[in-house]
>>> print(open('coords24.cif').read())   # mmCIF, C-alpha atoms and all ligand atoms
data_my_file
#
loop_
_atom_site.label_atom_id
_atom_site.label_comp_id
_atom_site.auth_asym_id
_atom_site.auth_seq_id
_atom_site.Cartn_x
_atom_site.Cartn_y
_atom_site.Cartn_z
CA MET A 275 -33.52 0.06 30.09
CA ILE A 276 -31.71 -0.75 33.34
CA PRO A 277 -28.10 -1.47 32.33
CA HIS A 278 -26.35 -4.58 33.59
CA SER A 279 -23.67 -2.38 35.11
CA ARG A 280 -23.04 1.34 35.63
CA PRO A 281 -20.26 3.26 37.42
CA THR A 282 -20.97 5.60 40.36
CA LEU A 283 -19.35 8.96 39.63
CA GLY A 284 -20.03 12.45 40.96
CA GLU A 285 -18.86 16.01 41.52
CA ASP A 286 -15.86 14.92 43.61
CA GLU A 287 -14.42 12.95 40.69
CA ILE A 288 -15.08 15.90 38.33
CA LYS A 289 -13.33 18.26 40.75
CA ALA A 290 -10.33 15.96 41.20
CA VAL A 291 -9.84 15.47 37.48
CA SER A 292 -10.28 19.22 36.83
CA GLU A 293 -7.49 20.01 39.29
CA VAL A 294 -5.13 17.69 37.43
CA ILE A 295 -6.05 19.40 34.14
CA ARG A 296 -5.42 22.84 35.68
CA SER A 297 -2.04 21.67 37.00
CA GLY A 298 -0.88 20.98 33.45
CA MET A 299 0.76 17.71 34.60
CA LEU A 300 -1.34 14.91 33.17
CA ALA A 301 0.93 11.89 32.85
CA GLN A 302 2.13 9.50 35.55
CA GLY A 303 3.21 11.58 38.55
CA GLU A 304 2.23 12.45 42.12
CA GLU A 305 -1.40 11.38 41.77
CA VAL A 306 -0.37 7.92 40.61
CA SER A 307 2.03 7.55 43.58
CA ALA A 308 -0.68 8.71 45.97
CA PHE A 309 -3.21 6.25 44.50
CA GLU A 310 -0.68 3.41 44.81
CA GLU A 311 -0.06 4.29 48.44
CA LYS A 312 -3.79 4.45 49.27
CA MET A 313 -4.45 1.09 47.62
CA CYS A 314 -1.65 -0.43 49.73
CA GLN A 315 -3.20 1.01 52.89
CA PHE A 316 -6.63 -0.29 51.95
CA ILE A 317 -5.54 -3.85 51.09
CA GLY A 318 -2.74 -4.10 53.63
CA THR A 319 0.27 -4.60 51.38
CA THR A 320 3.56 -2.72 51.26
CA TYR A 321 4.13 -1.93 47.57
CA ALA A 322 2.06 -1.13 44.47
CA ALA A 323 2.55 -0.34 40.79
CA ALA A 324 -0.28 1.27 38.81
CA THR A 325 -0.75 0.31 35.16
CA CYS A 326 -2.92 1.26 32.16
CA ASN A 327 -5.33 -1.66 32.79
CA GLY A 328 -5.71 -4.94 34.64
CA SER A 329 -4.42 -7.03 31.74
CA ALA A 330 -1.17 -5.02 31.64
CA ALA A 331 -0.88 -5.45 35.43
CA LEU A 332 -1.11 -9.25 35.09
CA PHE A 333 1.17 -9.38 32.05
CA LEU A 334 3.89 -7.33 33.75
CA LEU A 335 3.54 -9.39 36.92
CA LEU A 336 4.07 -12.65 34.99
CA LYS A 337 7.11 -11.05 33.38
CA ALA A 338 8.46 -9.90 36.76
CA LEU A 339 8.05 -13.47 38.02
CA ASN A 340 10.22 -14.67 35.11
CA ILE A 341 7.45 -16.80 33.65
CA GLY A 342 7.82 -17.59 29.95
CA PRO A 343 8.17 -20.28 27.30
CA GLY A 344 8.17 -23.80 28.75
CA ASP A 345 6.21 -22.73 31.83
CA GLU A 346 2.63 -23.51 32.69
CA VAL A 347 0.27 -21.19 34.57
CA ALA A 348 -2.88 -22.57 36.19
CA LEU A 349 -6.22 -20.73 36.02
CA PRO A 350 -9.91 -21.65 36.19
CA ALA A 351 -11.96 -22.19 33.02
CA TYR A 352 -14.81 -19.98 34.20
CA VAL A 353 -13.25 -16.53 33.78
CA CYS A 354 -13.02 -13.90 31.03
CA THR A 355 -10.23 -14.26 28.48
CA ALA A 356 -8.01 -11.54 30.02
CA PRO A 357 -5.86 -13.87 32.19
CA LEU A 358 -5.58 -16.36 29.31
CA ASN A 359 -4.34 -13.58 27.02
CA CYS A 360 -1.64 -12.66 29.54
CA ILE A 361 -0.41 -16.27 29.78
CA TYR A 362 -0.16 -16.55 25.98
CA GLN A 363 1.38 -13.06 25.59
CA ILE A 364 4.19 -14.06 27.94
CA GLY A 365 4.76 -17.25 25.91
CA ALA A 366 3.61 -19.67 28.62
CA LYS A 367 0.88 -22.33 28.49
CA PRO A 368 -2.42 -22.29 30.36
CA LEU A 369 -3.31 -25.15 32.72
CA VAL A 370 -7.08 -24.87 32.71
CA VAL A 371 -8.92 -26.06 35.83
CA ASP A 372 -12.60 -26.74 36.52
CA ILE A 373 -14.57 -24.80 39.13
CA GLU A 374 -16.59 -25.44 42.25
CA ILE A 375 -20.06 -24.35 41.27
CA ALA A 376 -21.17 -23.20 44.73
CA SER A 377 -18.71 -20.30 44.59
CA PHE A 378 -17.89 -20.19 40.83
CA ASN A 379 -14.25 -20.26 41.95
CA ILE A 380 -11.44 -22.64 41.02
CA SER A 381 -11.84 -26.26 42.18
CA VAL A 382 -8.97 -27.04 44.55
CA GLN A 383 -9.50 -30.75 43.93
CA ASP A 384 -9.19 -30.43 40.14
CA LEU A 385 -6.21 -28.06 40.55
CA LEU A 386 -4.30 -30.56 42.71
CA LYS A 387 -5.05 -33.31 40.21
CA LYS A 388 -3.76 -31.32 37.22
CA LEU A 389 -0.59 -29.63 38.58
CA THR A 390 2.63 -30.67 36.84
CA LYS A 391 6.35 -29.99 37.28
CA LYS A 392 6.01 -27.25 34.68
CA THR A 393 3.37 -25.31 36.64
CA LYS A 394 5.09 -22.09 37.75
CA ALA A 395 2.19 -20.01 39.10
CA ILE A 396 -1.52 -20.18 39.88
CA ILE A 397 -3.85 -17.33 38.94
CA ILE A 398 -6.81 -17.16 41.30
CA PRO A 399 -9.60 -14.81 40.20
CA HIS A 400 -11.98 -14.26 43.11
CA MET A 401 -15.16 -14.62 41.10
CA PHE A 402 -18.03 -12.15 41.24
CA GLY A 403 -16.79 -10.55 44.48
CA GLN A 404 -16.32 -13.64 46.63
CA SER A 405 -12.95 -15.05 47.64
CA ALA A 406 -11.77 -18.45 46.48
CA GLU A 407 -10.82 -21.01 49.13
CA LEU A 408 -7.26 -19.71 49.39
CA GLU A 409 -5.70 -21.68 52.23
CA PRO A 410 -5.28 -25.07 50.49
CA ILE A 411 -4.08 -23.26 47.35
CA LEU A 412 -1.48 -21.24 49.26
CA ASN A 413 -0.35 -24.47 50.95
CA ILE A 414 0.67 -25.95 47.56
CA GLY A 415 3.72 -23.69 47.74
CA LEU A 416 3.62 -22.34 44.17
CA PRO A 417 3.39 -18.56 43.60
CA VAL A 418 -0.27 -17.58 43.87
CA ILE A 419 -1.43 -14.54 41.90
CA GLU A 420 -4.70 -13.17 43.21
CA ASP A 421 -6.80 -11.65 40.43
CA CYS A 422 -8.90 -9.13 42.36
CA ALA A 423 -10.44 -7.44 39.30
CA MET A 424 -13.89 -8.38 40.66
CA SER A 425 -13.14 -8.57 44.36
CA LEU A 426 -11.71 -5.26 45.60
CA GLY A 427 -12.72 -5.18 49.28
CA ALA A 428 -13.76 -8.85 49.57
CA ILE A 429 -12.70 -10.56 52.80
CA TYR A 430 -11.19 -14.03 53.34
CA LYS A 431 -10.69 -15.21 56.93
CA GLY A 432 -10.76 -11.64 58.25
CA LYS A 433 -8.27 -10.20 55.75
CA MET A 434 -8.59 -8.44 52.39
CA THR A 435 -8.30 -10.51 49.23
CA GLY A 436 -5.20 -9.30 47.44
CA SER A 437 -3.07 -9.58 50.58
CA PHE A 438 -2.51 -13.37 50.53
CA GLY A 439 -0.65 -14.27 47.34
CA ILE A 440 2.85 -13.41 46.15
CA ALA A 441 1.13 -10.49 44.41
CA SER A 442 -2.35 -9.41 43.36
CA ILE A 443 -3.76 -7.53 40.41
CA PHE A 444 -6.70 -5.11 40.18
CA SER A 445 -8.70 -3.57 37.34
CA PHE A 446 -10.32 -0.14 37.33
CA TYR A 447 -12.23 -0.56 34.09
CA ALA A 448 -15.44 1.48 33.79
CA THR A 449 -17.71 -1.20 35.24
CA LYS A 450 -15.41 -2.69 37.88
CA VAL A 451 -15.81 -2.19 41.65
CA ILE A 452 -14.17 1.23 41.44
CA THR A 453 -13.17 2.88 38.19
CA THR A 454 -10.62 5.15 36.54
CA GLY A 455 -12.13 4.55 33.06
CA GLU A 456 -9.35 2.09 32.27
CA GLY A 457 -6.68 1.25 34.80
CA GLY A 458 -4.97 -1.46 36.78
CA MET A 459 -2.55 -2.13 39.62
CA VAL A 460 -0.24 -4.77 41.04
CA LEU A 461 0.07 -5.03 44.82
CA SER A 462 2.70 -7.05 46.66
CA ASN A 463 4.83 -7.22 49.78
CA SER A 464 7.83 -7.90 47.56
CA ALA A 465 9.87 -4.76 46.83
CA ASP A 466 11.68 -6.71 44.11
CA ILE A 467 8.52 -7.64 42.16
CA ILE A 468 7.12 -4.11 42.30
CA SER A 469 10.36 -2.40 41.34
CA LYS A 470 10.66 -4.75 38.34
CA ILE A 471 7.12 -3.84 37.26
CA LYS A 472 7.76 -0.11 37.74
CA ASP A 473 10.85 -0.51 35.59
CA LEU A 474 9.00 -2.49 32.90
CA ARG A 475 5.95 -0.22 32.61
CA SER A 476 7.83 2.66 30.95
CA TYR A 477 10.41 2.81 28.18
CA ASP A 478 12.03 6.23 28.01
CA GLU A 479 15.58 7.29 28.94
CA ARG A 480 17.34 3.93 29.12
CA ASN A 481 20.98 3.44 28.25
CA GLU A 482 20.51 -0.13 27.02
CA TYR A 483 17.78 -1.22 24.66
CA THR A 484 15.56 -4.04 25.93
CA LEU A 485 12.05 -4.87 24.72
CA ARG A 486 9.48 -2.91 26.73
CA PHE A 487 5.99 -1.56 26.42
CA ASN A 488 4.26 1.58 27.74
CA CYS A 489 1.82 0.43 30.44
CA LYS A 490 1.53 3.56 32.60
CA MET A 491 -1.51 5.06 34.30
CA SER A 492 -2.07 8.84 34.02
CA ASP A 493 -2.54 11.31 36.88
CA LEU A 494 -6.01 12.05 35.45
CA GLN A 495 -6.99 8.45 36.11
CA ALA A 496 -5.26 8.24 39.49
CA ALA A 497 -7.09 11.37 40.69
CA ILE A 498 -10.43 9.72 39.91
CA GLY A 499 -9.25 6.47 41.48
CA GLN A 500 -8.41 8.11 44.80
CA ILE A 501 -11.89 9.61 45.11
CA GLN A 502 -13.46 6.27 44.14
CA LEU A 503 -11.39 4.51 46.80
CA THR A 504 -12.69 6.83 49.55
CA ARG A 505 -16.22 5.90 48.44
CA LEU A 506 -15.52 2.16 48.24
CA PRO A 507 -16.77 1.26 51.76
CA GLN A 508 -20.16 2.84 50.92
CA PHE A 509 -20.20 1.12 47.51
CA ILE A 510 -19.64 -2.26 49.15
CA ALA A 511 -22.22 -1.66 51.89
CA ARG A 512 -24.81 -0.73 49.25
CA ARG A 513 -23.97 -3.78 47.12
CA GLN A 514 -24.41 -6.05 50.15
CA GLU A 515 -27.66 -4.30 51.06
CA ILE A 516 -29.14 -4.80 47.58
CA ALA A 517 -27.97 -8.45 47.57
CA ALA A 518 -29.78 -9.00 50.87
CA ILE A 519 -32.96 -7.51 49.37
CA TYR A 520 -32.68 -9.77 46.30
CA ASN A 521 -32.01 -12.81 48.54
CA ARG A 522 -35.19 -12.07 50.50
CA LYS A 523 -37.39 -11.32 47.50
CA PHE A 524 -36.17 -14.27 45.42
CA SER A 525 -36.15 -16.84 48.23
CA SER A 526 -39.24 -18.67 46.99
CA LEU A 527 -38.28 -18.72 43.30
CA LYS A 528 -37.05 -21.90 41.61
CA ILE A 529 -33.50 -20.60 41.18
CA LYS A 530 -30.32 -21.14 43.17
CA LEU A 531 -29.30 -17.93 44.95
CA PRO A 532 -25.67 -16.89 45.57
CA HIS A 533 -24.08 -19.08 48.23
CA GLU A 534 -22.13 -17.31 50.95
CA PHE A 535 -19.40 -19.18 52.80
CA PRO A 536 -18.87 -18.51 56.53
CA ASN A 537 -15.19 -17.49 56.23
CA ARG A 538 -15.62 -15.23 53.18
CA LYS A 539 -17.37 -11.90 52.85
CA SER A 540 -18.60 -11.17 49.32
CA ILE A 541 -18.80 -7.63 47.96
CA PHE A 542 -21.40 -8.81 45.39
CA TYR A 543 -19.62 -7.46 42.36
CA ARG A 544 -22.14 -9.60 40.54
CA TYR A 545 -25.40 -11.18 41.69
CA VAL A 546 -25.32 -14.56 39.95
CA VAL A 547 -28.13 -17.10 40.18
CA LEU A 548 -28.46 -20.58 38.65
CA CYS A 549 -31.59 -21.33 36.60
CA ASN A 550 -32.40 -24.82 35.38
CA ASN A 551 -34.13 -23.86 32.20
CA GLY A 552 -32.97 -21.57 29.47
CA VAL A 553 -30.67 -18.66 30.36
CA ASP A 554 -31.02 -17.23 26.84
CA GLU A 555 -34.80 -17.23 27.09
CA LEU A 556 -34.65 -15.51 30.51
CA ILE A 557 -32.26 -12.85 29.23
CA LYS A 558 -34.72 -12.16 26.40
CA THR A 559 -37.76 -11.96 28.69
CA LEU A 560 -35.97 -9.69 31.16
CA GLY A 561 -34.87 -7.48 28.27
CA GLN A 562 -38.49 -7.10 27.20
CA ASN A 563 -39.18 -5.88 30.76
CA GLY A 564 -36.42 -3.26 30.57
CA ILE A 565 -33.77 -5.20 32.48
CA ILE A 566 -30.41 -6.11 30.98
CA ALA A 567 -29.27 -9.42 32.45
CA ARG A 568 -26.24 -11.31 31.17
CA ARG A 569 -24.26 -14.51 31.25
CA PRO A 570 -21.66 -13.51 33.87
CA ILE A 571 -18.94 -15.13 31.72
CA PHE A 572 -19.55 -14.71 28.00
CA LYS A 573 -17.88 -18.02 27.12
CA PRO A 574 -15.68 -20.22 29.35
CA LEU A 575 -12.07 -20.95 28.38
CA ASN A 576 -12.60 -24.71 27.94
CA LEU A 577 -15.05 -23.93 25.12
CA TYR A 578 -12.67 -21.52 23.39
CA LEU A 579 -9.82 -24.03 23.70
CA LYS A 580 -12.00 -27.07 23.00
CA LEU A 581 -11.04 -28.91 26.21
CA SER A 582 -13.26 -31.55 27.76
CA GLY A 583 -13.81 -32.66 31.37
CA PHE A 584 -15.22 -29.41 32.76
CA SER A 585 -18.59 -30.52 34.11
CA GLN A 586 -19.00 -27.72 36.68
CA THR A 587 -17.88 -24.98 34.30
CA ASP A 588 -20.27 -26.36 31.68
CA LYS A 589 -23.08 -26.27 34.23
CA ALA A 590 -22.25 -22.65 35.13
CA TYR A 591 -22.23 -21.72 31.45
CA ARG A 592 -25.64 -23.37 30.94
CA GLU A 593 -27.33 -22.05 34.08
CA ALA A 594 -25.68 -18.89 35.44
CA LEU A 595 -27.45 -15.57 35.06
CA SER A 596 -26.14 -12.22 36.29
CA LEU A 597 -28.72 -9.63 37.36
CA PRO A 598 -28.00 -5.90 37.62
CA LEU A 599 -26.52 -5.03 41.03
CA TYR A 600 -24.49 -1.87 41.62
CA PRO A 601 -24.48 1.06 44.08
CA SER A 602 -26.13 3.56 41.70
CA LEU A 603 -29.34 1.49 41.31
CA ASN A 604 -32.24 3.50 42.73
CA LYS A 605 -35.27 2.14 44.59
CA LYS A 606 -37.47 2.23 41.52
CA GLU A 607 -34.94 0.30 39.46
CA ILE A 608 -34.52 -2.28 42.23
CA ALA A 609 -38.30 -2.77 42.35
CA THR A 610 -38.42 -3.13 38.55
CA ILE A 611 -35.68 -5.77 38.69
CA ILE A 612 -37.41 -7.71 41.48
CA ASN A 613 -40.79 -7.70 39.73
CA GLY A 614 -39.24 -8.47 36.36
CA VAL A 615 -37.33 -11.46 37.70
CA LYS A 616 -40.38 -12.80 39.54
CA ASP A 617 -42.43 -12.49 36.34
CA ALA A 618 -39.80 -14.11 34.17
CA ILE A 619 -39.05 -17.04 36.46
CA THR A 620 -42.45 -18.12 37.84
C1 LIG A 701 -11.69 -7.25 34.07
C2 LIG A 701 -10.85 -8.39 34.43
C3 LIG A 701 -9.50 -8.46 34.05
C4 LIG A 701 -8.86 -7.50 33.10
O1 LIG A 701 -8.88 -6.16 33.46
P1 LIG A 701 -8.82 -5.03 32.32
O2 LIG A 701 -8.62 -3.77 33.11
O3 LIG A 701 -10.11 -5.04 31.59
O4 LIG A 701 -7.67 -5.34 31.44
C5 LIG A 701 -8.75 -9.53 34.49
N1 LIG A 701 -9.27 -10.49 35.26
C6 LIG A 701 -10.58 -10.47 35.64
C7 LIG A 701 -11.08 -11.55 36.53
C8 LIG A 701 -11.40 -9.43 35.23
O5 LIG A 701 -12.69 -9.43 35.60
#
>>> encode(input="coords24.cif", output="structure tokens", more="lines below")
Ligand SMILES: *Cc1c(COP(=O)(O)O)cnc(C)c1O
Amino acid sequence: MIPHSRPTLGEDEIKAVSEVIRSGMLAQGEEVSAFEEKMCQFIGTTYAAATCNGSAALFLLLKALNIGPGDEVALPAYVCTAPLNCIYQIGAKPLVVDIEIASFNISVQDLLKKLTKKTKAIIIPHMFGQSAELEPILNIGLPVIEDCAMSLGAIYKGKMTGSFGIASIFSFYATKVITTGEGGMVLSNSADIISKIKDLRSYDERNEYTLRFNCKMSDLQAAIGQIQLTRLPQFIARRQEIAAIYNRKFSSLKIKLPHEFPNRKSIFYRYVVLCNNGVDELIKTLGQNGIIARRPIFKPLNLYLKLSGFSQTDKAYREALSLPLYPSLNKKEIATIINGVKDAIT
């Protein structure tokens, strides 16, 4: 079976992690600081705080922004439940917004319509590796949190996603763009936000008791992350190369291929197509041909929360199919995927 996703790891990662083990210093230390610094250099921000995962990064960021009970945080419906969990954990309320199906990103029109006086921040996940239309969202003037869990290295108007908002969060889960097994980070140009997060992520040796939680990354993880980051440009190039092959091979099929906007450069974290008839059936047929395809979002938030008026999200849920695309796919696997998709769809 060709998995839907698979990390790219090698001897360099094994060597880096072995050196940390030999050093005897495994917890948050120099490797974490070095990884934070390298992420800042890559994205083009000044400060960073590593965390145990992307959810913790977003939770601590909301806390550092003083968001809590009585506040509303906007987010799109077509995203995994992680950002929703963070909003509820902090005691705030979600303001759920429909999407623009061409990019699977938040609909600016629906966002503007729904904003209220209570809205204190907007979470913008750049879906499947392609930036949202950030400019009109930034112009609203509310704090914009870029969720770059799927978009590390994606470009918007010539600059890295993650460098536009008040802060951005990243995930290094096993199947994300780069991995540390589990891991996350907050990036920002605000020294104040990052120092608050660095203070909040650990609990030991405090004179006064305040409620905290351990959200640290280990040096073992940060050592792997630094190697992964050096390989990221090749990862992205390979993702874009495979996407171009799929685009060419699938051009005559009766499916809608990923749409690329002129001012955004996708890293193709996912290759998502729209099919008119029966995603479940297609997933089954592809599975019988050794290919694991998936709904790119297991279930949209409007369905979990039983909200209506999400026509574009509903359409994405009905029609979107994610095909395997990642740097470690070999030529034979790519050919199997192409032939399998052609068989299943025509
Ligand atoms: C994966 C993901 C997260 C959460 O990251 P974890 O490291 O799994 O906690 C948040 N937002 C988006 C858009 C994601 O894809």
>>> atom_distance(input="coords24.cif", atom1="atom CA of A:Ser445", atom2="atom C4 of ligand LIG 701 (chain A)")
5.8 Å
>>> residues_near_ligand(input="coords24.cif", ligand="ligand LIG 701 (chain A)", cutoff="6 Å", atoms="all atoms listed in the file", output="list in words")
Asn327, Gly328, Ser329, Ala356, Pro357, Pro399, Asp421, Ala423, Met424, Ser445, Phe446, Tyr447, Glu456, Gly457 and Gly458 of chain A
>>> residues_around(input="coords24.cif", residues="A:Arg280", least_positions_apart="4", cutoff="12 Å", atoms="all atoms listed in the file", output="list in words")
Met275, Ile276, Tyr447, Ala448, Thr449, Lys450, Val451, Ile452, Thr453, Gly455, Tyr543, Ile566, Pro598, Leu599, Tyr600, Pro601, Ser602, Leu603 and Asn604 of chain A
>>> atom_distance(input="coords24.cif", atom1="atom CA of A:Gly342", atom2="atom CA of A:Thr393")
11.1 Å
>>> atom_distance(input="coords24.cif", atom1="atom CA of A:Val615", atom2="atom CA of A:Thr587")
23.9 Å
>>> closest_atom_pairs(input="coords24.cif", of="stretch 436-539 of chain A", to="stretch 425-430 of chain A", cutoff="10 Å", atoms="only C-alpha atoms", output="CSV")
residue,atom,partner,partner_atom,distance
A:Gly436,CA,A:Leu426,CA,7.9
A:Ser437,CA,A:Tyr430,CA,9.7
A:Phe438,CA,A:Tyr430,CA,9.1
A:Ile443,CA,A:Leu426,CA,9.8
A:Phe444,CA,A:Leu426,CA,7.4
A:Ser445,CA,A:Leu426,CA,9.0
A:Phe446,CA,A:Leu426,CA,9.8
A:Lys450,CA,A:Leu426,CA,8.9
A:Val451,CA,A:Leu426,CA,6.5
A:Ile452,CA,A:Leu426,CA,8.1
A:Leu503,CA,A:Leu426,CA,9.8
A:Leu506,CA,A:Gly427,CA,7.9
A:Pro507,CA,A:Gly427,CA,8.0
A:Phe509,CA,A:Gly427,CA,9.9
A:Ile510,CA,A:Gly427,CA,7.5
A:Phe535,CA,A:Tyr430,CA,9.7
A:Pro536,CA,A:Tyr430,CA,9.4
A:Asn537,CA,A:Tyr430,CA,6.0
A:Arg538,CA,A:Tyr430,CA,4.6
A:Lys539,CA,A:Ile429,CA,4.9
>>> build_atoms(input="coords24.cif", residues="stretch 423-445 of chain A", atoms="N, CA and C atoms", output="mmCIF file, in the coordinates of the input")
data_model
loop_
_atom_site.group_PDB
_atom_site.id
_atom_site.type_symbol
_atom_site.label_atom_id
_atom_site.label_comp_id
_atom_site.auth_asym_id
_atom_site.auth_seq_id
_atom_site.Cartn_x
_atom_site.Cartn_y
_atom_site.Cartn_z
ATOM 1 N N ALA A 423 -9.716 -8.356 40.194
ATOM 2 C CA ALA A 423 -10.440 -7.440 39.300
ATOM 3 C C ALA A 423 -11.921 -7.333 39.671
ATOM 4 N N MET A 424 -12.477 -8.403 40.268
ATOM 5 C CA MET A 424 -13.890 -8.380 40.660
ATOM 6 C C MET A 424 -14.069 -8.397 42.171
ATOM 7 N N SER A 425 -13.000 -8.293 42.922
ATOM 8 C CA SER A 425 -13.140 -8.570 44.360
ATOM 9 C C SER A 425 -12.498 -7.527 45.264
ATOM 10 N N LEU A 426 -12.315 -6.297 44.757
ATOM 11 C CA LEU A 426 -11.710 -5.260 45.600
ATOM 12 C C LEU A 426 -12.568 -5.046 46.851
ATOM 13 N N GLY A 427 -11.998 -5.358 48.011
ATOM 14 C CA GLY A 427 -12.720 -5.180 49.280
ATOM 15 C C GLY A 427 -13.314 -6.471 49.838
ATOM 16 N N ALA A 428 -13.228 -7.573 49.076
ATOM 17 C CA ALA A 428 -13.760 -8.850 49.570
ATOM 18 C C ALA A 428 -12.835 -9.423 50.645
ATOM 19 N N ILE A 429 -13.440 -10.086 51.624
ATOM 20 C CA ILE A 429 -12.700 -10.560 52.800
ATOM 21 C C ILE A 429 -12.587 -12.085 52.776
ATOM 22 N N TYR A 430 -11.403 -12.591 53.122
ATOM 23 C CA TYR A 430 -11.190 -14.030 53.340
ATOM 24 C C TYR A 430 -10.552 -14.198 54.716
ATOM 25 N N LYS A 431 -11.202 -14.958 55.572
ATOM 26 C CA LYS A 431 -10.690 -15.210 56.930
ATOM 27 C C LYS A 431 -10.213 -13.917 57.614
ATOM 28 N N GLY A 432 -11.030 -12.882 57.526
ATOM 29 C CA GLY A 432 -10.760 -11.640 58.250
ATOM 30 C C GLY A 432 -9.786 -10.681 57.583
ATOM 31 N N LYS A 433 -9.223 -11.084 56.443
ATOM 32 C CA LYS A 433 -8.270 -10.200 55.750
ATOM 33 C C LYS A 433 -8.710 -9.934 54.310
ATOM 34 N N MET A 434 -8.223 -8.826 53.757
ATOM 35 C CA MET A 434 -8.590 -8.440 52.390
ATOM 36 C C MET A 434 -8.034 -9.427 51.356
ATOM 37 N N THR A 435 -8.849 -9.808 50.388
ATOM 38 C CA THR A 435 -8.300 -10.510 49.230
ATOM 39 C C THR A 435 -7.307 -9.554 48.562
ATOM 40 N N GLY A 436 -6.262 -10.127 48.026
ATOM 41 C CA GLY A 436 -5.200 -9.300 47.440
ATOM 42 C C GLY A 436 -4.019 -9.151 48.381
ATOM 43 N N SER A 437 -4.172 -9.669 49.615
ATOM 44 C CA SER A 437 -3.070 -9.580 50.580
ATOM 45 C C SER A 437 -2.462 -10.953 50.870
ATOM 46 N N PHE A 438 -2.944 -12.003 50.191
ATOM 47 C CA PHE A 438 -2.510 -13.370 50.530
ATOM 48 C C PHE A 438 -1.427 -13.911 49.597
ATOM 49 N N GLY A 439 -1.548 -13.662 48.320
ATOM 50 C CA GLY A 439 -0.650 -14.270 47.340
ATOM 51 C C GLY A 439 0.707 -13.585 47.281
ATOM 52 N N ILE A 440 1.538 -14.051 46.364
ATOM 53 C CA ILE A 440 2.850 -13.410 46.150
ATOM 54 C C ILE A 440 2.635 -11.991 45.629
ATOM 55 N N ALA A 441 1.528 -11.807 44.908
ATOM 56 C CA ALA A 441 1.130 -10.490 44.410
ATOM 57 C C ALA A 441 -0.326 -10.583 43.971
ATOM 58 N N SER A 442 -0.963 -9.429 43.818
ATOM 59 C CA SER A 442 -2.350 -9.410 43.360
ATOM 60 C C SER A 442 -2.519 -8.342 42.296
ATOM 61 N N ILE A 443 -3.501 -8.533 41.440
ATOM 62 C CA ILE A 443 -3.760 -7.530 40.410
ATOM 63 C C ILE A 443 -5.208 -7.027 40.519
ATOM 64 N N PHE A 444 -5.400 -5.781 40.097
ATOM 65 C CA PHE A 444 -6.700 -5.110 40.180
ATOM 66 C C PHE A 444 -7.003 -4.462 38.837
ATOM 67 N N SER A 445 -8.291 -4.295 38.546
ATOM 68 C CA SER A 445 -8.700 -3.570 37.340
ATOM 69 C C SER A 445 -9.626 -2.432 37.750
#
